[in-house]
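Structure below is work_15.tsv: TSV, C-alpha atoms and all ligand atoms.
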chain	number	residue	atom	x	y	z
A	1	MET	CA	0.00	0.00	0.00
A	2	SER	CA	1.51	3.32	-0.97
A	3	GLY	CA	0.80	6.54	-2.74
A	4	ARG	CA	-1.96	7.60	-0.41
A	5	VAL	CA	-2.35	11.06	1.09
A	6	ALA	CA	-2.37	11.36	4.87
A	7	VAL	CA	-3.10	14.50	6.87
A	8	ILE	CA	-1.59	14.30	10.35
A	9	THR	CA	-2.28	16.89	13.05
A	10	GLY	CA	0.17	17.54	15.87
A	11	ALA	CA	2.86	16.25	13.52
A	12	GLY	CA	5.62	18.49	14.83
A	13	SER	CA	6.37	16.21	17.76
A	14	GLY	CA	5.96	12.83	19.42
A	15	ILE	CA	3.33	10.46	18.04
A	16	GLY	CA	2.36	12.75	15.15
A	17	ARG	CA	5.96	13.14	13.98
A	18	GLU	CA	6.69	9.41	14.19
A	19	THR	CA	3.47	8.57	12.38
A	20	SER	CA	4.33	11.07	9.63
A	21	LEU	CA	7.74	9.42	9.20
A	22	THR	CA	6.18	5.94	9.16
A	23	PHE	CA	3.57	6.81	6.52
A	24	ALA	CA	6.19	8.55	4.36
A	25	ARG	CA	8.54	5.53	4.61
A	26	LYS	CA	5.68	3.37	3.33
A	27	GLY	CA	5.33	5.63	0.29
A	28	ASP	CA	2.43	7.85	1.36
A	29	SER	CA	2.47	11.63	0.93
A	30	VAL	CA	2.03	13.43	4.23
A	31	VAL	CA	0.46	16.77	4.99
A	32	VAL	CA	2.31	17.57	8.21
A	33	THR	CA	0.32	19.99	10.31
A	34	ASP	CA	0.92	21.61	13.67
A	35	ILE	CA	0.32	24.87	15.50
A	36	ASP	CA	4.11	25.03	15.93
A	37	GLU	CA	5.51	25.94	12.52
A	38	GLU	CA	9.17	25.37	13.39
A	39	LYS	CA	8.58	21.85	14.67
A	40	GLY	CA	6.27	21.01	11.78
A	41	LEU	CA	8.86	22.13	9.25
A	42	GLU	CA	11.44	20.00	11.06
A	43	THR	CA	9.24	16.94	10.53
A	44	VAL	CA	8.93	17.75	6.82
A	45	GLU	CA	12.71	18.10	6.62
A	46	LEU	CA	13.20	14.71	8.34
A	47	ILE	CA	10.84	13.09	5.82
A	48	LYS	CA	12.58	14.73	2.87
A	49	GLN	CA	16.02	13.67	4.14
A	50	GLU	CA	14.77	10.08	3.89
A	51	GLY	CA	13.48	10.66	0.37
A	52	GLY	CA	9.82	10.89	1.37
A	53	ASP	CA	7.16	13.35	0.29
A	54	ALA	CA	5.60	15.87	2.68
A	55	VAL	CA	4.34	19.43	2.90
A	56	PHE	CA	3.66	21.58	5.95
A	57	ALA	CA	0.40	23.39	6.66
A	58	LYS	CA	0.20	25.42	9.86
A	59	THR	CA	-3.09	24.75	11.65
A	60	ASP	CA	-4.59	25.40	15.05
A	61	VAL	CA	-7.01	22.47	15.33
A	62	SER	CA	-9.14	24.36	17.85
A	63	LYS	CA	-10.36	26.62	15.01
A	64	PHE	CA	-12.81	25.00	12.62
A	65	GLU	CA	-12.04	27.35	9.72
A	66	GLU	CA	-8.33	26.44	9.97
A	67	VAL	CA	-9.09	22.70	9.94
A	68	GLU	CA	-11.42	23.14	6.97
A	69	SER	CA	-8.73	25.10	5.17
A	70	LEU	CA	-6.19	22.36	5.99
A	71	VAL	CA	-8.37	19.72	4.35
A	72	ASN	CA	-8.90	21.97	1.32
A	73	GLN	CA	-5.16	22.56	1.03
A	74	ALA	CA	-4.47	18.81	1.11
A	75	VAL	CA	-6.89	18.28	-1.77
A	76	GLU	CA	-5.57	21.29	-3.72
A	77	ILE	CA	-1.99	19.99	-3.42
A	78	TYR	CA	-2.50	16.23	-3.78
A	79	GLY	CA	-6.00	15.90	-5.27
A	80	THR	CA	-7.26	13.64	-2.48
A	81	ILE	CA	-7.22	12.87	1.24
A	82	ASP	CA	-7.13	9.18	2.14
A	83	VAL	CA	-6.23	9.35	5.82
A	84	MET	CA	-7.03	12.01	8.41
A	85	PHE	CA	-5.21	11.47	11.71
A	86	ASN	CA	-6.73	13.76	14.36
A	87	ASN	CA	-3.86	13.53	16.80
A	88	ALA	CA	-2.95	17.00	18.11
A	89	GLY	CA	-3.34	17.34	21.84
A	90	ILE	CA	-2.15	19.12	24.96
A	91	GLY	CA	-1.74	17.83	28.49
A	92	THR	CA	-2.72	19.05	31.94
A	93	LEU	CA	-1.57	18.34	35.44
A	94	GLY	CA	-3.37	19.86	38.38
A	95	HIS	CA	-6.11	19.14	40.89
A	96	ILE	CA	-9.70	19.82	39.87
A	97	LEU	CA	-10.17	22.29	42.75
A	98	SER	CA	-7.33	24.54	41.58
A	99	LEU	CA	-8.12	24.22	37.88
A	100	LYS	CA	-8.37	27.50	35.99
A	101	ILE	CA	-11.45	27.58	33.80
A	102	GLU	CA	-9.47	28.99	30.86
A	103	ASP	CA	-7.11	25.99	31.09
A	104	TYR	CA	-10.08	23.62	31.20
A	105	LEU	CA	-11.57	25.28	28.12
A	106	ARG	CA	-8.28	25.22	26.18
A	107	VAL	CA	-7.85	21.47	26.71
A	108	ILE	CA	-11.43	20.84	25.60
A	109	ASP	CA	-10.95	23.15	22.60
A	110	VAL	CA	-7.83	21.36	21.39
A	111	ASN	CA	-8.32	17.73	22.49
A	112	GLN	CA	-12.08	17.44	21.97
A	113	HIS	CA	-13.20	20.13	19.54
A	114	GLY	CA	-9.99	19.73	17.52
A	115	VAL	CA	-10.87	16.08	16.89
A	116	ALA	CA	-14.51	16.91	16.15
A	117	TYR	CA	-13.45	19.55	13.60
A	118	GLY	CA	-11.09	17.07	11.93
A	119	VAL	CA	-13.83	14.44	11.69
A	120	ILE	CA	-16.36	16.91	10.30
A	121	ALA	CA	-14.05	18.65	7.82
A	122	ALA	CA	-12.42	15.45	6.52
A	123	GLY	CA	-15.75	13.58	6.52
A	124	ARG	CA	-17.40	16.29	4.43
A	125	LYS	CA	-14.52	16.41	1.94
A	126	MET	CA	-14.31	12.61	1.61
A	127	ARG	CA	-18.06	12.48	1.03
A	128	GLU	CA	-17.93	15.33	-1.52
A	129	LEU	CA	-15.17	13.61	-3.50
A	130	ASP	CA	-16.50	10.09	-2.86
A	131	ILE	CA	-13.28	9.02	-1.16
A	132	LYS	CA	-13.42	5.81	0.88
A	133	GLY	CA	-11.05	7.22	3.46
A	134	VAL	CA	-10.03	6.44	7.02
A	135	ILE	CA	-10.22	8.84	9.95
A	136	ILE	CA	-8.15	8.01	13.04
A	137	ASN	CA	-8.73	9.86	16.32
A	138	THR	CA	-6.34	9.93	19.26
A	139	ALA	CA	-8.09	9.19	22.56
A	140	SER	CA	-6.13	7.78	25.53
A	141	VAL	CA	-6.32	5.22	28.31
A	142	PHE	CA	-7.21	8.38	30.27
A	143	GLY	CA	-10.49	8.32	28.36
A	144	TYR	CA	-11.32	5.17	30.32
A	145	LEU	CA	-9.64	5.22	33.73
A	146	ALA	CA	-9.62	8.07	36.23
A	147	SER	CA	-6.23	9.47	37.14
A	148	PHE	CA	-5.30	12.34	39.46
A	149	GLY	CA	-4.64	15.76	37.98
A	150	THR	CA	-6.16	15.27	34.54
A	151	PHE	CA	-9.84	16.27	34.78
A	152	PRO	CA	-10.17	18.26	31.50
A	153	TYR	CA	-7.90	15.88	29.59
A	154	GLN	CA	-10.00	12.91	30.67
A	155	ALA	CA	-13.23	14.70	29.78
A	156	ALA	CA	-11.92	15.37	26.27
A	157	LYS	CA	-10.54	11.88	25.73
A	158	GLY	CA	-13.80	10.30	26.90
A	159	ALA	CA	-15.61	12.45	24.35
A	160	VAL	CA	-13.22	11.32	21.60
A	161	ARG	CA	-14.23	7.71	22.29
A	162	MET	CA	-17.92	8.46	21.75
A	163	MET	CA	-17.36	10.78	18.79
A	164	THR	CA	-15.38	8.01	17.11
A	165	GLN	CA	-18.21	5.53	17.57
A	166	ASN	CA	-20.85	7.98	16.40
A	167	ALA	CA	-18.89	9.17	13.35
A	168	ALA	CA	-18.18	5.56	12.32
A	169	LEU	CA	-21.91	4.86	12.47
A	170	GLU	CA	-22.90	7.90	10.43
A	171	LEU	CA	-20.09	7.74	7.86
A	172	ALA	CA	-20.09	3.98	7.19
A	173	GLN	CA	-22.75	4.39	4.49
A	174	TYR	CA	-20.24	6.47	2.51
A	175	GLY	CA	-17.44	3.93	2.86
A	176	ILE	CA	-15.57	6.11	5.36
A	177	ARG	CA	-14.08	4.30	8.34
A	178	VAL	CA	-13.45	5.94	11.73
A	179	VAL	CA	-11.18	4.38	14.35
A	180	GLY	CA	-9.84	5.62	17.67
A	181	ILE	CA	-6.58	4.82	19.41
A	182	ALA	CA	-6.03	4.83	23.16
A	183	PRO	CA	-2.30	5.00	23.86
A	184	GLY	CA	-0.91	4.22	27.30
A	185	SER	CA	2.09	6.18	28.58
A	186	VAL	CA	4.22	7.09	25.57
A	187	ASP	CA	7.64	8.72	25.74
A	188	THR	CA	6.94	12.12	24.15
A	189	PRO	CA	7.21	15.75	25.32
A	190	ILE	CA	3.57	15.82	26.47
A	191	ILE	CA	4.46	13.77	29.56
A	192	GLN	CA	7.37	16.02	30.62
A	193	ALA	CA	5.35	17.52	33.50
A	194	TYR	CA	4.71	14.00	34.83
A	195	LYS	CA	8.41	13.15	34.52
A	196	ASP	CA	9.32	16.38	36.34
A	197	ALA	CA	6.88	15.43	39.10
A	198	GLY	CA	8.66	12.05	39.47
A	199	MET	CA	5.63	10.16	38.19
A	200	THR	CA	7.25	8.04	35.45
A	201	GLN	CA	7.22	4.87	37.52
A	202	LYS	CA	3.61	5.44	38.50
A	203	MET	CA	2.73	5.94	34.83
A	204	THR	CA	4.28	2.67	33.77
A	205	GLU	CA	3.51	0.36	36.70
A	206	GLN	CA	0.20	-0.67	35.12
A	207	GLN	CA	1.85	-1.42	31.75
A	208	MET	CA	2.91	-5.03	31.20
A	209	ARG	CA	6.52	-4.17	30.35
A	210	LYS	CA	6.90	-1.47	33.05
A	211	LYS	CA	8.39	1.08	30.71
A	212	LEU	CA	7.23	3.95	28.56
A	213	ILE	CA	5.95	3.02	25.09
A	214	ARG	CA	8.06	4.28	22.17
A	215	PRO	CA	6.15	6.65	19.84
A	216	GLU	CA	7.34	4.50	16.92
A	217	ALA	CA	5.21	1.63	18.27
A	218	ILE	CA	2.12	3.82	18.21
A	219	ALA	CA	2.99	5.00	14.68
A	220	ASN	CA	3.26	1.42	13.43
A	221	ALA	CA	-0.11	0.51	14.92
A	222	VAL	CA	-1.77	3.60	13.43
A	223	TYR	CA	-0.38	2.69	10.02
A	224	LEU	CA	-1.77	-0.86	10.28
A	225	LEU	CA	-5.19	0.46	11.28
A	226	THR	CA	-5.40	2.50	8.08
A	227	LEU	CA	-4.84	-0.48	5.78
A	228	GLU	CA	-7.71	-2.03	3.87
A	229	GLU	CA	-6.90	-5.36	5.56
A	230	ALA	CA	-7.98	-3.72	8.85
A	231	ASP	CA	-11.38	-2.64	7.55
A	232	VAL	CA	-13.29	-4.76	10.07
A	233	ILE	CA	-12.00	-2.36	12.72
A	234	ASN	CA	-14.56	0.44	12.65
A	235	GLY	CA	-15.96	2.60	15.43
A	236	SER	CA	-13.66	0.93	17.94
A	237	VAL	CA	-11.06	2.61	20.06
A	238	VAL	CA	-8.04	0.32	19.91
A	239	MET	CA	-5.95	0.12	23.09
A	240	LEU	CA	-2.29	0.80	22.29
A	241	ASP	CA	-1.29	0.64	25.92
A	242	ASP	CA	0.91	-2.39	26.66
A	243	GLY	CA	-1.90	-3.74	28.82
A	244	TYR	CA	-2.46	-0.57	30.93
A	245	ALA	CA	-6.23	-0.80	30.71
A	246	SER	CA	-6.63	-4.57	30.49
A	247	PHE	CA	-9.63	-4.86	32.73
B	1	LIG	P1	3.50	15.94	21.88
B	1	LIG	O1	3.41	17.06	22.84
B	1	LIG	O2	4.83	15.36	21.58
B	1	LIG	O3	2.81	16.36	20.49
B	1	LIG	C1	1.63	17.09	20.42
B	1	LIG	C2	1.71	18.03	19.23
B	1	LIG	O4	0.44	18.69	19.10
B	1	LIG	C3	2.77	19.13	19.39
B	1	LIG	O5	3.60	19.17	18.26
B	1	LIG	C4	1.95	20.40	19.52
B	1	LIG	O6	2.58	21.56	19.00
B	1	LIG	C5	0.69	20.04	18.75
B	1	LIG	N1	-0.45	20.89	19.10
B	1	LIG	C6	-0.80	21.33	20.34
B	1	LIG	N2	-1.88	22.13	20.25
B	1	LIG	C7	-2.21	22.20	18.94
B	1	LIG	C8	-3.23	22.88	18.22
B	1	LIG	N3	-4.12	23.65	18.85
B	1	LIG	N4	-3.29	22.71	16.88
B	1	LIG	C9	-2.38	21.94	16.24
B	1	LIG	N5	-1.38	21.28	16.86
B	1	LIG	C10	-1.30	21.41	18.20
B	1	LIG	O7	2.55	14.82	22.47
B	1	LIG	P2	2.14	13.36	21.93
B	1	LIG	O8	2.32	12.43	23.05
B	1	LIG	O9	2.76	13.05	20.64
B	1	LIG	O10	0.58	13.59	21.76
B	1	LIG	C11	-0.14	13.25	20.59
B	1	LIG	C12	-1.53	12.81	20.99
B	1	LIG	O11	-1.42	11.58	21.74
B	1	LIG	C13	-2.27	13.78	21.89
B	1	LIG	O12	-3.63	13.82	21.50
B	1	LIG	C14	-2.14	13.17	23.25
B	1	LIG	O13	-3.19	13.54	24.12
B	1	LIG	C15	-2.21	11.70	22.89
B	1	LIG	N6	-1.72	10.77	23.92
B	1	LIG	C16	-0.43	10.83	24.34
B	1	LIG	C17	-0.01	9.93	25.32
B	1	LIG	C18	1.40	9.95	25.85
B	1	LIG	O14	1.66	9.31	26.90
B	1	LIG	N7	2.35	10.61	25.21
B	1	LIG	C19	-0.91	9.00	25.85
B	1	LIG	C20	-2.21	8.96	25.37
B	1	LIG	C21	-2.61	9.85	24.39

Go ahead and express the file in the form of structure tokens.
Ligand code: NAD
Amino acid sequence: MSGRVAVITGAGSGIGRETSLTFARKGDSVVVTDIDEEKGLETVELIKQEGGDAVFAKTDVSKFEEVESLVNQAVEIYGTIDVMFNNAGIGTLGHILSLKIEDYLRVIDVNQHGVAYGVIAAGRKMRELDIKGVIINTASVFGYLASFGTFPYQAAKGAVRMMTQNAALELAQYGIRVVGIAPGSVDTPIIQAYKDAGMTQKMTEQQMRKKLIRPEAIANAVYLLTLEEADVINGSVVMLDDGYASF
């Protein structure tokens, strides 16, 4: 499988960057998108150094018009959009009683509304062009299991689970598949605050191998989920968590 077009949000770092590299290595063209232009351009450069094909489009996923424009740009440049990976996210660490409402709203805007906007904009475009595409949404094990200090993050990730299921139901008639992923603790910059707070061991004690997951492992799994061979997986949120949430 190669020659597809994948739009990946939050692709300037961590899971998004690794997934961009993985798709490009497999021969797909990648629209690398991030709110952070410098980091996004770095990802494009890394892809090009390996002989892959990528372009950068700066996007704040918390703004619908920017996400809509992103999808339009992908189609203008490459003529299609086969994969939309709604992955951008921000973290939080702090007790619910000291939570600032503006911080709560920002996490919901990026982690929940950002995914919704990606689903809506890509879904509309795929429908308009009759593309049998795949939409992947990043949830988290924190969308399932309560953890201290992450109230808004957990609210958003729980919503991503249900949005994934609903979108899969409504878009299936158009041949569009929607799948969620729920990573466990992955070694990326988003968990720096937890590391600084000495929480790394706590984060990994529930994982079978007692260590942080490499972002490359998440990227490989995301790639597999987008293949036609995986088309029975629809509306599910797939646990990519080394057993963290094996209840
Ligand atoms: P990361 O911090 O390395 O990458 C997140 C990227 O998203 C950054 O490049 C950042 O600039 C970008 N971003 C932030 N706000 C944005 C916005 N408004 N618009 C566009 N881009 C924006 O973190 P990561 O671990 O790679 O996170 C990727 C996704 O995986 C997030 O949704 C995160 O919640 C989720 N996740 C991560 C873990 C983990 O342990 N690392 C676990 C479960 C889920």

Restricting the calculation to all atoms listed in the file, which member of A:Asn72, A:Ser185, A:Ser29, A:Thr22 is positioned closest to ligand LIG 1 (chain B)?
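Nearest candidate to ligand LIG 1 (chain B) out of A:Asn72, A:Ser185, A:Ser29, A:Thr22: A:Ser185.
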
Which residues are near ligand LIG 1 (chain B) in this structure, taking near to mean any atom at most 8 Å from a ligand atom and counting all atoms listed in the file? Format them as a PDB file with C-alpha atoms, in the frame of the given file.
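After the write, part.pdb holds the following:
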ATOM      1  CA  THR A   9      -2.280  16.890  13.050  1.00  0.00           C
ATOM      2  CA  GLY A  10       0.170  17.540  15.870  1.00  0.00           C
ATOM      3  CA  ALA A  11       2.860  16.250  13.520  1.00  0.00           C
ATOM      4  CA  GLY A  12       5.620  18.490  14.830  1.00  0.00           C
ATOM      5  CA  SER A  13       6.370  16.210  17.760  1.00  0.00           C
ATOM      6  CA  GLY A  14       5.960  12.830  19.420  1.00  0.00           C
ATOM      7  CA  ILE A  15       3.330  10.460  18.040  1.00  0.00           C
ATOM      8  CA  GLY A  16       2.360  12.750  15.150  1.00  0.00           C
ATOM      9  CA  ARG A  17       5.960  13.140  13.980  1.00  0.00           C
ATOM     10  CA  THR A  33       0.320  19.990  10.310  1.00  0.00           C
ATOM     11  CA  ASP A  34       0.920  21.610  13.670  1.00  0.00           C
ATOM     12  CA  ILE A  35       0.320  24.870  15.500  1.00  0.00           C
ATOM     13  CA  ASP A  36       4.110  25.030  15.930  1.00  0.00           C
ATOM     14  CA  LYS A  39       8.580  21.850  14.670  1.00  0.00           C
ATOM     15  CA  GLY A  40       6.270  21.010  11.780  1.00  0.00           C
ATOM     16  CA  LYS A  58       0.200  25.420   9.860  1.00  0.00           C
ATOM     17  CA  THR A  59      -3.090  24.750  11.650  1.00  0.00           C
ATOM     18  CA  ASP A  60      -4.590  25.400  15.050  1.00  0.00           C
ATOM     19  CA  VAL A  61      -7.010  22.470  15.330  1.00  0.00           C
ATOM     20  CA  SER A  62      -9.140  24.360  17.850  1.00  0.00           C
ATOM     21  CA  LYS A  63     -10.360  26.620  15.010  1.00  0.00           C
ATOM     22  CA  ASN A  86      -6.730  13.760  14.360  1.00  0.00           C
ATOM     23  CA  ASN A  87      -3.860  13.530  16.800  1.00  0.00           C
ATOM     24  CA  ALA A  88      -2.950  17.000  18.110  1.00  0.00           C
ATOM     25  CA  GLY A  89      -3.340  17.340  21.840  1.00  0.00           C
ATOM     26  CA  ILE A  90      -2.150  19.120  24.960  1.00  0.00           C
ATOM     27  CA  GLY A  91      -1.740  17.830  28.490  1.00  0.00           C
ATOM     28  CA  ASP A 109     -10.950  23.150  22.600  1.00  0.00           C
ATOM     29  CA  VAL A 110      -7.830  21.360  21.390  1.00  0.00           C
ATOM     30  CA  ASN A 111      -8.320  17.730  22.490  1.00  0.00           C
ATOM     31  CA  GLY A 114      -9.990  19.730  17.520  1.00  0.00           C
ATOM     32  CA  THR A 138      -6.340   9.930  19.260  1.00  0.00           C
ATOM     33  CA  ALA A 139      -8.090   9.190  22.560  1.00  0.00           C
ATOM     34  CA  SER A 140      -6.130   7.780  25.530  1.00  0.00           C
ATOM     35  CA  VAL A 141      -6.320   5.220  28.310  1.00  0.00           C
ATOM     36  CA  PHE A 142      -7.210   8.380  30.270  1.00  0.00           C
ATOM     37  CA  TYR A 153      -7.900  15.880  29.590  1.00  0.00           C
ATOM     38  CA  LYS A 157     -10.540  11.880  25.730  1.00  0.00           C
ATOM     39  CA  ALA A 182      -6.030   4.830  23.160  1.00  0.00           C
ATOM     40  CA  PRO A 183      -2.300   5.000  23.860  1.00  0.00           C
ATOM     41  CA  GLY A 184      -0.910   4.220  27.300  1.00  0.00           C
ATOM     42  CA  SER A 185       2.090   6.180  28.580  1.00  0.00           C
ATOM     43  CA  VAL A 186       4.220   7.090  25.570  1.00  0.00           C
ATOM     44  CA  ASP A 187       7.640   8.720  25.740  1.00  0.00           C
ATOM     45  CA  THR A 188       6.940  12.120  24.150  1.00  0.00           C
ATOM     46  CA  PRO A 189       7.210  15.750  25.320  1.00  0.00           C
ATOM     47  CA  ILE A 190       3.570  15.820  26.470  1.00  0.00           C
ATOM     48  CA  ILE A 191       4.460  13.770  29.560  1.00  0.00           C
ATOM     49  CA  LEU A 212       7.230   3.950  28.560  1.00  0.00           C
ATOM     50  CA  ILE A 213       5.950   3.020  25.090  1.00  0.00           C
ATOM     51  CA  PRO A 215       6.150   6.650  19.840  1.00  0.00           C
TER      52      PRO A 215
END

So which residues touch Tyr78 in chain A within 9 Å, counting all atoms listed in the file, skipping near sequence neighbours fewer than 4 positions away, as a PyMOL selection string?
chain A and resi 5+29+73-74

Export C-alpha atoms of the chosen residues as a PDB file, in the coordinates of the input?
ATOM      1  CA  VAL A   5      -2.350  11.060   1.090  1.00  0.00           C
ATOM      2  CA  SER A  29       2.470  11.630   0.930  1.00  0.00           C
ATOM      3  CA  GLN A  73      -5.160  22.560   1.030  1.00  0.00           C
ATOM      4  CA  ALA A  74      -4.470  18.810   1.110  1.00  0.00           C
TER       5      ALA A  74
END

For range 220-233 of chain A: contacts at 8 Å, only C-alpha atoms, fewer than 5 positions along chain excluded, given as a list in words:
Met1, Thr19, Thr22, Phe23, Val83, Val134, Ile136, Arg177, Val179, Ile181 and Leu240 of chain A

Using all atoms listed in the file, collect all residues at a distance of at most 12 Å from (-10.2, 18.6, 2.2) as written in the file, then present them as number ranges by chain.
A: 5-7, 31, 65-84, 117-131, 133

Which of these residues is nearest to Leu99 in chain A, using only C-alpha atoms: A:Gln49, A:Thr204, A:Thr150, A:Thr164?
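Nearest to Leu99 in chain A: A:Thr150.
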
CA of Ala172 in chain A to CA of Asn234 in chain A: how many Å, to one decimal?
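Interatomic distance, CA of Ala172 in chain A to CA of Asn234 in chain A: 8.5 Å.
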
I'd like the neighbourhood of Leu41 in chain A as a PyMOL selection string, where a residue qualifies if any of its atoms comes within 9 Å (using all atoms listed in the file), though same-chain residues fewer than 2 positions away should be ignored.
chain A and resi 12+32-33+36-39+43-46+55-57

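What separates CA of Arg106 in chain A from CA of Ala217 in chain A is a distance of 28.3 Å.
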
Between A:Gln173, A:Thr200, A:Thr92, A:Ser246, which residue has the minimum interatomic distance to Tyr104 in chain A, considering all atoms listed in the file?
A:Thr92

Here CA of Ala54 in chain A and CA of Gly3 in chain A stand apart by 11.8 Å

Using all atoms listed in the file for the distances, tell me which of A:Lys132, A:Ala167, A:Gly143, A:Gly149 is nearest to Ala193 in chain A.
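Under the stated criterion, the closest residue is A:Gly149.
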